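Notes to accompany the following structure.
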There are 2 protein chains.
Amino acid sequence: MVVDLSVCCSSPMNTLAVDFGGRRIKLGLVVDGVVLAQAVIPSHADQHLRTQLGTVAGALTQLCQQRGIEPGACAGVAFAYPSIIDVARARILDHFDKFGDVASMDLRAWAKEQLGLPLAIDNDARLALAGEWRHGAGAGCQNLVMVTLGTGLGVSAVIEGRLLRGVHGQAGILGGHITANYNGHACVCGSVGCAEAEASSWALDRIAKEEPLFAGSTLSREPALDFAAVFRLASHGDACSVALRDHCLRVWSALAVSLIHAYDPESLIFGCGVMGSAETILPVIRGYVDRHAHTPWGKVRIAGSALGDRAALLGCEWLLQEQFSKEDDFEQI
Amino acid sequence: MVVDLSVCCSSPMNTLAVDFGGRRIKLGLVVDGVVLAQAVIPSHADQHLRTQLGTVAGALTQLCQQRGIEPGACAGVAFAYPSIIDVARARILDHFDKFGDVASMDLRAWAKEQLGLPLAIDNDARLALAGEWRHGAGAGCQNLVMVTLGTGLGVSAVIEGRLLRGVHGQAGILGGHITANYNGHACVCGSVGCAEAEASSWALDRIAKEEPLFAGSTLSREPALDFAAVFRLASHGDACSVALRDHCLRVWSALAVSLIHAYDPESLIFGCGVMGSAETILPVIRGYVDRHAHTPWGKVRIAGSALGDRAALLGCEWLLQEQFSKEDDFEQI
């Protein structure tokens, strides 16, 4: 298919956007920076991706029907996926124990067969930043870092107006695996003492149980040990929760300084959706960065995500436009 | 002055290169990747730069005389300077207690008055990498990180064929100020637990005195407490020196993984000049990186500097060519 780029770039394109989270897959029909329709389905990341994609195709078709359009009338489908991605070949390079069959999946062939559409894919944290950069908390800024406090720590960077990817697609997105403590804990990535191993949702169970105050604490009797509980109980004075909260805030603050020193951003955006505690988290990180980041030019702006769950969906639209603009590299159907 | 770029780029240009170190200023007359003549003078970094630049101009003129050319026949003068640099305006933004008057110096005016030449300046670690990239251990590679183990930890990065600078000139060069231990020591940069604060020459005195084995050790009786002594005595079995050596190797290894995760390089170059112990340092870092860096694409190559002290001098020539090629931005005399 030959794409008329003048049409793509000057008139709105419908994009089918899919954001694969650890527990939920978010789907959206996106046009010109607006999510016209959206849906959420469970991830079932322990199953094969091929199985789950059948459900995804059905949900995307339903979204189109809601808006009275055929999937084939969309410009394409774009995936935001939590892994290292070969964007040029639309391949997932790393499975991190999710969807065991991802490496063997030919996603472009799947999209062509199931939806009759071209497909693009990139890392989910990178596309969340692309969304915020184009339509959210980073609009108008060309030097940005974003940290998403989710199951792990999603990081990405825009430097001098270019979304950082690197030769193997790893640059920026492994920011959560910058060391916070060289004598720290083993991380899922294979390294030691990564910020993500010291303070993230997947590590919280271990971190809590290492805290001497945990046994006998109110937190230990919670039905679910998550950051929402930690922040809620800390605000009520539970000493164990206060200690855990302050530990994690310190690690995230140190990570913020590391990222500022690594990438030289004007703004640092935090996505705090999982714990819904931006009003607690951001002032602490802002204070630490103001005291400790070496920025003789001025102060880095610390902001919360403006788009929340929509960030990566809007980033999907940006990705599709970017890939269309690189027509030679983008293997069209 | 209008520069004929076709002449600049097709025929060799003489570059007067100056590399400002903490203790020594290295000067070179560089042509086409070769240092034709060089000299070293003491830094006297506690004095004003304006005073020291008189000595620099004299030494550069002598270098030219050695080769039988007039300074005015050179293409320009380029400085490699240990600070954050505004390359476009040729200004030094941060003095780190060295040469107290640097912020007020108009270096271009100085070079025009003293040598009749245009001037370019960039960070010393960045130009050491530029030299290795063009003529040394990084030749032919477009994705590189370099760490120089000197008084501090000089870091810089080339990503997808672009030398990383960032909007405020800080990107890459503050890599030594990525956190190694969020509960660590105060750093000269204002942060806490930077790799440089945990393991570098300027921190060695404090690190040694914190080591319980130091009192009574052979190391404590050395006339100079430096890494050369630590590595030498460690190889002879001094327990304190072994502990200090292994501590620093661990911090540098963790930093190597952080930098790989941040910048996605194919090669990581270590400049170990100060301690002359590359054969001890590199295998340890290589082993740690192989075990702990998350690089599903393969293994990062760990190499020593090929150019040593000449790296930044050759980087100066690259900088001048780069600035000439951006003729509109480069304010000629």
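A note on labels: chains of the structure tokens are A, B, ... as shown, every chain counts residues from 1, and ligands are counted from 1 in their shown order.
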
Contacts of chain B with chain A up to 9 Å, shortest pair per row, only C-alpha atoms, as JSON lines:
{"residue": "B:Ile84", "atom": "CA", "partner": "A:Pro296", "partner_atom": "CA", "distance": 8.9}
{"residue": "B:Leu93", "atom": "CA", "partner": "A:Pro296", "partner_atom": "CA", "distance": 7.5}
{"residue": "B:Asp94", "atom": "CA", "partner": "A:Pro296", "partner_atom": "CA", "distance": 7.2}
{"residue": "B:Gln142", "atom": "CA", "partner": "A:Val167", "partner_atom": "CA", "distance": 8.6}
{"residue": "B:Asn143", "atom": "CA", "partner": "A:Val167", "partner_atom": "CA", "distance": 7.0}
{"residue": "B:Ile159", "atom": "CA", "partner": "A:Gly166", "partner_atom": "CA", "distance": 6.2}
{"residue": "B:Glu160", "atom": "CA", "partner": "A:Val167", "partner_atom": "CA", "distance": 6.1}
{"residue": "B:Leu164", "atom": "CA", "partner": "A:Tyr263", "partner_atom": "CA", "distance": 8.8}
{"residue": "B:Arg165", "atom": "CA", "partner": "A:Asp264", "partner_atom": "CA", "distance": 8.4}
{"residue": "B:Gly166", "atom": "CA", "partner": "A:Asp264", "partner_atom": "CA", "distance": 5.6}
{"residue": "B:Val167", "atom": "CA", "partner": "A:Glu160", "partner_atom": "CA", "distance": 6.1}
{"residue": "B:His168", "atom": "CA", "partner": "A:Asp264", "partner_atom": "CA", "distance": 6.7}
{"residue": "B:Gly169", "atom": "CA", "partner": "A:Asp264", "partner_atom": "CA", "distance": 7.6}
{"residue": "B:Gln170", "atom": "CA", "partner": "A:Asp264", "partner_atom": "CA", "distance": 5.6}
{"residue": "B:Ala171", "atom": "CA", "partner": "A:Tyr263", "partner_atom": "CA", "distance": 4.9}
{"residue": "B:Gly172", "atom": "CA", "partner": "A:Ala262", "partner_atom": "CA", "distance": 5.6}
{"residue": "B:Ile173", "atom": "CA", "partner": "A:Ala262", "partner_atom": "CA", "distance": 7.8}
{"residue": "B:Leu174", "atom": "CA", "partner": "A:His261", "partner_atom": "CA", "distance": 5.2}
{"residue": "B:Gly175", "atom": "CA", "partner": "A:Ala262", "partner_atom": "CA", "distance": 5.7}
{"residue": "B:Gly176", "atom": "CA", "partner": "A:His261", "partner_atom": "CA", "distance": 8.7}
{"residue": "B:His177", "atom": "CA", "partner": "A:His261", "partner_atom": "CA", "distance": 6.5}
{"residue": "B:Ile178", "atom": "CA", "partner": "A:Ser258", "partner_atom": "CA", "distance": 4.4}
{"residue": "B:Thr179", "atom": "CA", "partner": "A:Ser258", "partner_atom": "CA", "distance": 5.7}
{"residue": "B:Ala180", "atom": "CA", "partner": "A:Asn181", "partner_atom": "CA", "distance": 5.5}
{"residue": "B:Asn181", "atom": "CA", "partner": "A:Asn181", "partner_atom": "CA", "distance": 4.2}
{"residue": "B:Tyr182", "atom": "CA", "partner": "A:Ala180", "partner_atom": "CA", "distance": 5.7}
{"residue": "B:Asn183", "atom": "CA", "partner": "A:Asn181", "partner_atom": "CA", "distance": 7.9}
{"residue": "B:Gly184", "atom": "CA", "partner": "A:Asn181", "partner_atom": "CA", "distance": 8.7}
{"residue": "B:Cys189", "atom": "CA", "partner": "A:His294", "partner_atom": "CA", "distance": 5.9}
{"residue": "B:Gly190", "atom": "CA", "partner": "A:His292", "partner_atom": "CA", "distance": 5.1}
{"residue": "B:Ser191", "atom": "CA", "partner": "A:His292", "partner_atom": "CA", "distance": 4.3}
{"residue": "B:Val192", "atom": "CA", "partner": "A:His292", "partner_atom": "CA", "distance": 7.2}
{"residue": "B:Gly193", "atom": "CA", "partner": "A:Asn181", "partner_atom": "CA", "distance": 8.8}
{"residue": "B:Cys194", "atom": "CA", "partner": "A:Ser258", "partner_atom": "CA", "distance": 8.5}
{"residue": "B:Arg250", "atom": "CA", "partner": "A:Tyr182", "partner_atom": "CA", "distance": 7.5}
{"residue": "B:Val251", "atom": "CA", "partner": "A:Tyr182", "partner_atom": "CA", "distance": 6.6}
{"residue": "B:Ser253", "atom": "CA", "partner": "A:Tyr182", "partner_atom": "CA", "distance": 8.9}
{"residue": "B:Ala254", "atom": "CA", "partner": "A:Tyr182", "partner_atom": "CA", "distance": 5.9}
{"residue": "B:Leu255", "atom": "CA", "partner": "A:Thr179", "partner_atom": "CA", "distance": 7.4}
{"residue": "B:Val257", "atom": "CA", "partner": "A:Ile178", "partner_atom": "CA", "distance": 7.4}
{"residue": "B:Ser258", "atom": "CA", "partner": "A:Ile178", "partner_atom": "CA", "distance": 4.4}
{"residue": "B:Leu259", "atom": "CA", "partner": "A:Ile178", "partner_atom": "CA", "distance": 7.5}
{"residue": "B:Ile260", "atom": "CA", "partner": "A:Ala171", "partner_atom": "CA", "distance": 8.3}
{"residue": "B:His261", "atom": "CA", "partner": "A:Leu174", "partner_atom": "CA", "distance": 5.2}
{"residue": "B:Ala262", "atom": "CA", "partner": "A:Gly172", "partner_atom": "CA", "distance": 5.6}
{"residue": "B:Tyr263", "atom": "CA", "partner": "A:Ala171", "partner_atom": "CA", "distance": 4.9}
{"residue": "B:Asp264", "atom": "CA", "partner": "A:Ala171", "partner_atom": "CA", "distance": 4.9}
{"residue": "B:Pro265", "atom": "CA", "partner": "A:Val167", "partner_atom": "CA", "distance": 7.4}
{"residue": "B:Glu266", "atom": "CA", "partner": "A:Val167", "partner_atom": "CA", "distance": 8.1}
{"residue": "B:Val289", "atom": "CA", "partner": "A:Ser191", "partner_atom": "CA", "distance": 8.8}
{"residue": "B:Arg291", "atom": "CA", "partner": "A:Gly190", "partner_atom": "CA", "distance": 7.4}
{"residue": "B:His292", "atom": "CA", "partner": "A:Ser191", "partner_atom": "CA", "distance": 4.3}
{"residue": "B:Ala293", "atom": "CA", "partner": "A:Ser191", "partner_atom": "CA", "distance": 6.0}
{"residue": "B:His294", "atom": "CA", "partner": "A:Cys189", "partner_atom": "CA", "distance": 5.9}
{"residue": "B:Thr295", "atom": "CA", "partner": "A:Gln170", "partner_atom": "CA", "distance": 8.2}
{"residue": "B:Pro296", "atom": "CA", "partner": "A:Asp94", "partner_atom": "CA", "distance": 7.2}
{"residue": "B:Trp297", "atom": "CA", "partner": "A:His168", "partner_atom": "CA", "distance": 7.0}

Would you put the residues from that selection into a file with C-alpha atoms, as a PDB file, in the first residue's frame?
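This is the output file again-v3.pdb:
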ATOM      1  CA  ILE B  84      29.598  22.472  31.863  1.00  0.00           C
ATOM      2  CA  LEU B  93      29.147  27.806  33.028  1.00  0.00           C
ATOM      3  CA  ASP B  94      30.456  26.230  36.228  1.00  0.00           C
ATOM      4  CA  GLN B 142      28.293   5.041  16.581  1.00  0.00           C
ATOM      5  CA  ASN B 143      27.100   4.072  20.092  1.00  0.00           C
ATOM      6  CA  ILE B 159      24.172   7.772  20.773  1.00  0.00           C
ATOM      7  CA  GLU B 160      23.288   6.788  17.209  1.00  0.00           C
ATOM      8  CA  LEU B 164      25.185  13.782  23.488  1.00  0.00           C
ATOM      9  CA  ARG B 165      25.100  17.377  24.745  1.00  0.00           C
ATOM     10  CA  GLY B 166      21.568  18.219  25.904  1.00  0.00           C
ATOM     11  CA  VAL B 167      19.821  21.554  26.037  1.00  0.00           C
ATOM     12  CA  HIS B 168      22.001  22.941  28.851  1.00  0.00           C
ATOM     13  CA  GLY B 169      25.191  21.138  27.805  1.00  0.00           C
ATOM     14  CA  GLN B 170      24.908  18.733  30.766  1.00  0.00           C
ATOM     15  CA  ALA B 171      23.767  15.499  29.091  1.00  0.00           C
ATOM     16  CA  GLY B 172      26.245  12.642  29.346  1.00  0.00           C
ATOM     17  CA  ILE B 173      28.975  14.548  31.170  1.00  0.00           C
ATOM     18  CA  LEU B 174      27.288  14.232  34.584  1.00  0.00           C
ATOM     19  CA  GLY B 175      27.289  10.436  34.289  1.00  0.00           C
ATOM     20  CA  GLY B 176      29.737  10.223  37.202  1.00  0.00           C
ATOM     21  CA  HIS B 177      27.020  11.915  39.252  1.00  0.00           C
ATOM     22  CA  ILE B 178      24.483   9.181  38.686  1.00  0.00           C
ATOM     23  CA  THR B 179      23.672   7.815  42.128  1.00  0.00           C
ATOM     24  CA  ALA B 180      25.560   4.700  43.212  1.00  0.00           C
ATOM     25  CA  ASN B 181      24.170   4.683  46.740  1.00  0.00           C
ATOM     26  CA  TYR B 182      21.135   6.784  47.663  1.00  0.00           C
ATOM     27  CA  ASN B 183      22.290   6.676  51.304  1.00  0.00           C
ATOM     28  CA  GLY B 184      25.868   7.545  50.396  1.00  0.00           C
ATOM     29  CA  CYS B 189      28.084  18.471  42.829  1.00  0.00           C
ATOM     30  CA  GLY B 190      25.498  18.904  45.613  1.00  0.00           C
ATOM     31  CA  SER B 191      23.975  15.448  45.298  1.00  0.00           C
ATOM     32  CA  VAL B 192      24.288  12.404  47.546  1.00  0.00           C
ATOM     33  CA  GLY B 193      25.969   9.079  46.858  1.00  0.00           C
ATOM     34  CA  CYS B 194      27.124   9.844  43.309  1.00  0.00           C
ATOM     35  CA  ARG B 250      32.342  -2.530  42.580  1.00  0.00           C
ATOM     36  CA  VAL B 251      31.189   1.099  42.354  1.00  0.00           C
ATOM     37  CA  SER B 253      31.119  -1.729  37.759  1.00  0.00           C
ATOM     38  CA  ALA B 254      27.704  -0.619  39.016  1.00  0.00           C
ATOM     39  CA  LEU B 255      28.219   2.716  37.237  1.00  0.00           C
ATOM     40  CA  VAL B 257      25.754  -0.996  34.212  1.00  0.00           C
ATOM     41  CA  SER B 258      23.882   2.242  34.975  1.00  0.00           C
ATOM     42  CA  LEU B 259      25.465   3.909  31.947  1.00  0.00           C
ATOM     43  CA  ILE B 260      24.700   0.938  29.712  1.00  0.00           C
ATOM     44  CA  HIS B 261      21.084   1.029  30.900  1.00  0.00           C
ATOM     45  CA  ALA B 262      20.910   4.811  30.400  1.00  0.00           C
ATOM     46  CA  TYR B 263      22.545   5.149  26.976  1.00  0.00           C
ATOM     47  CA  ASP B 264      22.411   1.751  25.185  1.00  0.00           C
ATOM     48  CA  PRO B 265      26.029   1.706  23.936  1.00  0.00           C
ATOM     49  CA  GLU B 266      27.753  -1.022  21.932  1.00  0.00           C
ATOM     50  CA  VAL B 289      28.756  -6.114  33.078  1.00  0.00           C
ATOM     51  CA  ARG B 291      26.708 -10.872  34.530  1.00  0.00           C
ATOM     52  CA  HIS B 292      24.470  -7.912  35.331  1.00  0.00           C
ATOM     53  CA  ALA B 293      23.796  -5.568  32.376  1.00  0.00           C
ATOM     54  CA  HIS B 294      20.453  -6.182  30.696  1.00  0.00           C
ATOM     55  CA  THR B 295      21.466  -6.432  27.039  1.00  0.00           C
ATOM     56  CA  PRO B 296      19.442  -9.177  25.346  1.00  0.00           C
ATOM     57  CA  TRP B 297      20.971  -8.125  21.987  1.00  0.00           C
TER      58      TRP B 297
END

Compile the contact shell of Gly271 of chain A as a VMD selection string: residues with an atom at most 7 Å away, counting only C-alpha atoms, same-chain residues fewer than 2 positions apart removed.
-> chain A and resid 147 to 149 269 273 304 to 305 308

What lies within 8 Å of segment 70-75 of chain B using only C-alpha atoms, ignoring chain neighbours under 6 positions off, as a list in words?
-> Met13, Asn14, Thr15, Leu16, Leu60, Thr61, Cys64, Leu115, Gly116, Leu117 and Pro118 of chain B

Keeping only N, CA and C atoms, write the selected residues as a PDB file, in the first residue's frame.
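Result file selection.pdb:
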ATOM      1  N   MET B  13      43.782  20.782   8.587  1.00  0.00           N
ATOM      2  CA  MET B  13      43.839  22.068   9.277  1.00  0.00           C
ATOM      3  C   MET B  13      44.721  21.876  10.501  1.00  0.00           C
ATOM      4  N   ASN B  14      45.546  22.851  10.796  1.00  0.00           N
ATOM      5  CA  ASN B  14      46.274  22.830  12.072  1.00  0.00           C
ATOM      6  C   ASN B  14      45.340  23.314  13.169  1.00  0.00           C
ATOM      7  N   THR B  15      45.220  22.550  14.232  1.00  0.00           N
ATOM      8  CA  THR B  15      44.421  22.959  15.386  1.00  0.00           C
ATOM      9  C   THR B  15      45.323  23.110  16.601  1.00  0.00           C
ATOM     10  N   LEU B  16      45.183  24.218  17.286  1.00  0.00           N
ATOM     11  CA  LEU B  16      45.858  24.385  18.573  1.00  0.00           C
ATOM     12  C   LEU B  16      44.909  23.874  19.649  1.00  0.00           C
ATOM     13  N   LEU B  60      51.536  27.758  23.331  1.00  0.00           N
ATOM     14  CA  LEU B  60      50.996  27.430  21.998  1.00  0.00           C
ATOM     15  C   LEU B  60      51.876  28.049  20.905  1.00  0.00           C
ATOM     16  N   THR B  61      52.322  29.260  21.131  1.00  0.00           N
ATOM     17  CA  THR B  61      53.187  29.918  20.144  1.00  0.00           C
ATOM     18  C   THR B  61      54.494  29.139  19.988  1.00  0.00           C
ATOM     19  N   CYS B  64      53.998  26.093  17.830  1.00  0.00           N
ATOM     20  CA  CYS B  64      53.973  26.459  16.420  1.00  0.00           C
ATOM     21  C   CYS B  64      55.394  26.690  15.907  1.00  0.00           C
ATOM     22  N   LEU B 115      45.951  35.298  19.752  1.00  0.00           N
ATOM     23  CA  LEU B 115      46.433  34.369  18.726  1.00  0.00           C
ATOM     24  C   LEU B 115      45.900  34.698  17.336  1.00  0.00           C
ATOM     25  N   GLY B 116      44.935  35.620  17.271  1.00  0.00           N
ATOM     26  CA  GLY B 116      44.335  35.947  15.979  1.00  0.00           C
ATOM     27  C   GLY B 116      43.534  34.800  15.397  1.00  0.00           C
ATOM     28  N   LEU B 117      42.938  33.985  16.287  1.00  0.00           N
ATOM     29  CA  LEU B 117      42.266  32.759  15.832  1.00  0.00           C
ATOM     30  C   LEU B 117      40.854  32.637  16.416  1.00  0.00           C
ATOM     31  N   PRO B 118      39.956  31.945  15.702  1.00  0.00           N
ATOM     32  CA  PRO B 118      38.663  31.591  16.307  1.00  0.00           C
ATOM     33  C   PRO B 118      38.866  30.517  17.374  1.00  0.00           C
TER      34      PRO B 118
END

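Within the 9 Å cut-off around segment 223-232 of chain B, using only C-alpha atoms and omitting residues fewer than 6 positions from it on the same chain, the listed residues are B:Ser200, B:Ser201, B:Leu204, B:Asp205, B:Ala208, B:Asp238, B:Cys240, B:Ser241, B:Val242, B:Leu244, B:Arg245, B:Val274, B:Met275, B:Gly276, B:Ser277, B:Thr280.
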
Write out as a list in words each polymer residue whose atoms come within 7 Å of segment 312-326 of chain A, counting only C-alpha atoms; drop sequence neighbours fewer than 2 positions from it.
-> Leu5, Thr15, Ala17, Val18, Asp19, Gly28, Val30, Gly33, Ala78, Phe79, Ala80, Ala120, Asp124, Leu127, Ala128, Ala130, Gly131, Asp309, Arg310, Asp328, Asp329 and Phe330 of chain A

Please return as a VMD selection string: the residues of segment 86-290 of chain A that backbone DSSP assigns to strand (DSSP E or B).
-> chain A and resid 86 91 to 92 119 to 123 144 to 149 153 to 159 162 to 163 179 181 186 192 194 267 to 271

Please return as number ranges by chain: the residues of segment 104-146 of chain A that backbone DSSP assigns to alpha helix (DSSP H).
-> A: 107-115, 124-135

Exercise: Ala303 of chain A partners within 12 Å, only C-alpha atoms, chain neighbours under 3 positions left out, as an mmCIF file with N, CA and C atoms, in the first residue's frame:
data_model
loop_
_atom_site.group_PDB
_atom_site.id
_atom_site.type_symbol
_atom_site.label_atom_id
_atom_site.label_comp_id
_atom_site.auth_asym_id
_atom_site.auth_seq_id
_atom_site.Cartn_x
_atom_site.Cartn_y
_atom_site.Cartn_z
ATOM 1 N N GLU A 132 2.455 12.529 26.437
ATOM 2 C CA GLU A 132 2.574 13.731 27.285
ATOM 3 C C GLU A 132 3.309 14.853 26.537
ATOM 4 N N GLY A 136 0.218 16.579 26.495
ATOM 5 C CA GLY A 136 0.002 16.626 27.945
ATOM 6 C C GLY A 136 0.976 17.519 28.678
ATOM 7 N N ALA A 137 1.559 16.973 29.758
ATOM 8 C CA ALA A 137 2.381 17.773 30.665
ATOM 9 C C ALA A 137 3.699 18.218 30.046
ATOM 10 N N GLY A 138 4.070 17.641 28.895
ATOM 11 C CA GLY A 138 5.320 18.029 28.254
ATOM 12 C C GLY A 138 5.115 18.821 26.979
ATOM 13 N N ALA A 139 3.883 19.253 26.730
ATOM 14 C CA ALA A 139 3.607 19.954 25.469
ATOM 15 C C ALA A 139 4.459 21.215 25.365
ATOM 16 N N LEU A 144 12.719 16.366 27.987
ATOM 17 C CA LEU A 144 11.794 15.804 28.963
ATOM 18 C C LEU A 144 12.244 14.430 29.417
ATOM 19 N N VAL A 145 11.978 14.126 30.674
ATOM 20 C CA VAL A 145 12.080 12.743 31.140
ATOM 21 C C VAL A 145 10.769 12.411 31.824
ATOM 22 N N MET A 146 10.284 11.192 31.627
ATOM 23 C CA MET A 146 9.063 10.760 32.326
ATOM 24 C C MET A 146 9.350 9.475 33.099
ATOM 25 N N VAL A 147 8.830 9.416 34.322
ATOM 26 C CA VAL A 147 8.917 8.219 35.159
ATOM 27 C C VAL A 147 7.494 7.802 35.495
ATOM 28 N N THR A 148 7.144 6.574 35.177
ATOM 29 C CA THR A 148 5.827 6.060 35.531
ATOM 30 C C THR A 148 5.985 5.046 36.650
ATOM 31 N N ALA A 256 15.344 10.457 40.382
ATOM 32 C CA ALA A 256 15.057 11.704 39.658
ATOM 33 C C ALA A 256 16.353 12.470 39.398
ATOM 34 N N GLU A 266 14.518 19.657 30.897
ATOM 35 C CA GLU A 266 13.925 20.863 31.494
ATOM 36 C C GLU A 266 12.784 20.471 32.429
ATOM 37 N N SER A 267 12.091 19.385 32.074
ATOM 38 C CA SER A 267 10.952 18.923 32.877
ATOM 39 C C SER A 267 11.060 17.438 33.153
ATOM 40 N N LEU A 268 10.601 17.065 34.326
ATOM 41 C CA LEU A 268 10.537 15.662 34.729
ATOM 42 C C LEU A 268 9.068 15.390 35.072
ATOM 43 N N ILE A 269 8.450 14.470 34.332
ATOM 44 C CA ILE A 269 7.033 14.176 34.510
ATOM 45 C C ILE A 269 6.900 12.859 35.269
ATOM 46 N N PHE A 270 6.097 12.860 36.297
ATOM 47 C CA PHE A 270 5.834 11.623 37.043
ATOM 48 C C PHE A 270 4.411 11.157 36.794
ATOM 49 N N GLY A 271 4.305 9.911 36.369
ATOM 50 C CA GLY A 271 3.004 9.253 36.299
ATOM 51 C C GLY A 271 2.834 8.434 37.572
ATOM 52 N N CYS A 272 1.901 8.857 38.414
ATOM 53 C CA CYS A 272 1.739 8.225 39.731
ATOM 54 C C CYS A 272 0.407 7.489 39.798
ATOM 55 N N ALA A 278 -0.080 11.604 43.844
ATOM 56 C CA ALA A 278 0.800 12.626 43.276
ATOM 57 C C ALA A 278 0.991 13.786 44.235
ATOM 58 N N GLU A 279 -0.066 14.136 44.964
ATOM 59 C CA GLU A 279 0.035 15.307 45.852
ATOM 60 C C GLU A 279 0.982 15.048 47.032
ATOM 61 N N ILE A 281 3.653 12.647 46.597
ATOM 62 C CA ILE A 281 4.934 12.280 45.999
ATOM 63 C C ILE A 281 5.663 13.480 45.402
ATOM 64 N N LEU A 282 4.963 14.266 44.612
ATOM 65 C CA LEU A 282 5.656 15.303 43.829
ATOM 66 C C LEU A 282 6.352 16.365 44.680
ATOM 67 N N PRO A 283 5.722 16.885 45.754
ATOM 68 C CA PRO A 283 6.447 17.900 46.540
ATOM 69 C C PRO A 283 7.739 17.366 47.154
ATOM 70 N N VAL A 284 7.730 16.089 47.568
ATOM 71 C CA VAL A 284 8.938 15.510 48.165
ATOM 72 C C VAL A 284 10.045 15.414 47.120
ATOM 73 N N ILE A 285 9.706 14.898 45.949
ATOM 74 C CA ILE A 285 10.712 14.756 44.891
ATOM 75 C C ILE A 285 11.192 16.135 44.440
ATOM 76 N N ARG A 286 10.262 17.075 44.330
ATOM 77 C CA ARG A 286 10.627 18.434 43.913
ATOM 78 C C ARG A 286 11.628 19.056 44.901
ATOM 79 N N VAL A 300 14.775 22.240 37.389
ATOM 80 C CA VAL A 300 13.974 21.320 36.597
ATOM 81 C C VAL A 300 12.523 21.386 37.088
ATOM 82 N N ALA A 306 -0.382 14.632 32.879
ATOM 83 C CA ALA A 306 -1.656 15.314 32.619
ATOM 84 C C ALA A 306 -2.666 14.363 31.988
ATOM 85 N N LEU A 307 -2.194 13.241 31.461
ATOM 86 C CA LEU A 307 -3.064 12.382 30.646
ATOM 87 C C LEU A 307 -3.416 11.062 31.316
#

By how many Å are atom CA of Pro212 of chain A and atom CA of Gly154 of chain A apart?
-> 28.9 Å

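When atom CA of Leu107 of chain B is paired with atom CA of Trp202 of chain B, their separation reads 28.1 Å.
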
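When atom CA of Val102 of chain B is paired with atom CA of Ser43 of chain B, their separation reads 13.7 Å.
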
Kindly indicate which residue among A:Ala57, A:Ser235, A:Leu63, A:Arg24 lies nearest to Ala37 of chain A, using only C-alpha atoms for the distances.
-> A:Leu63
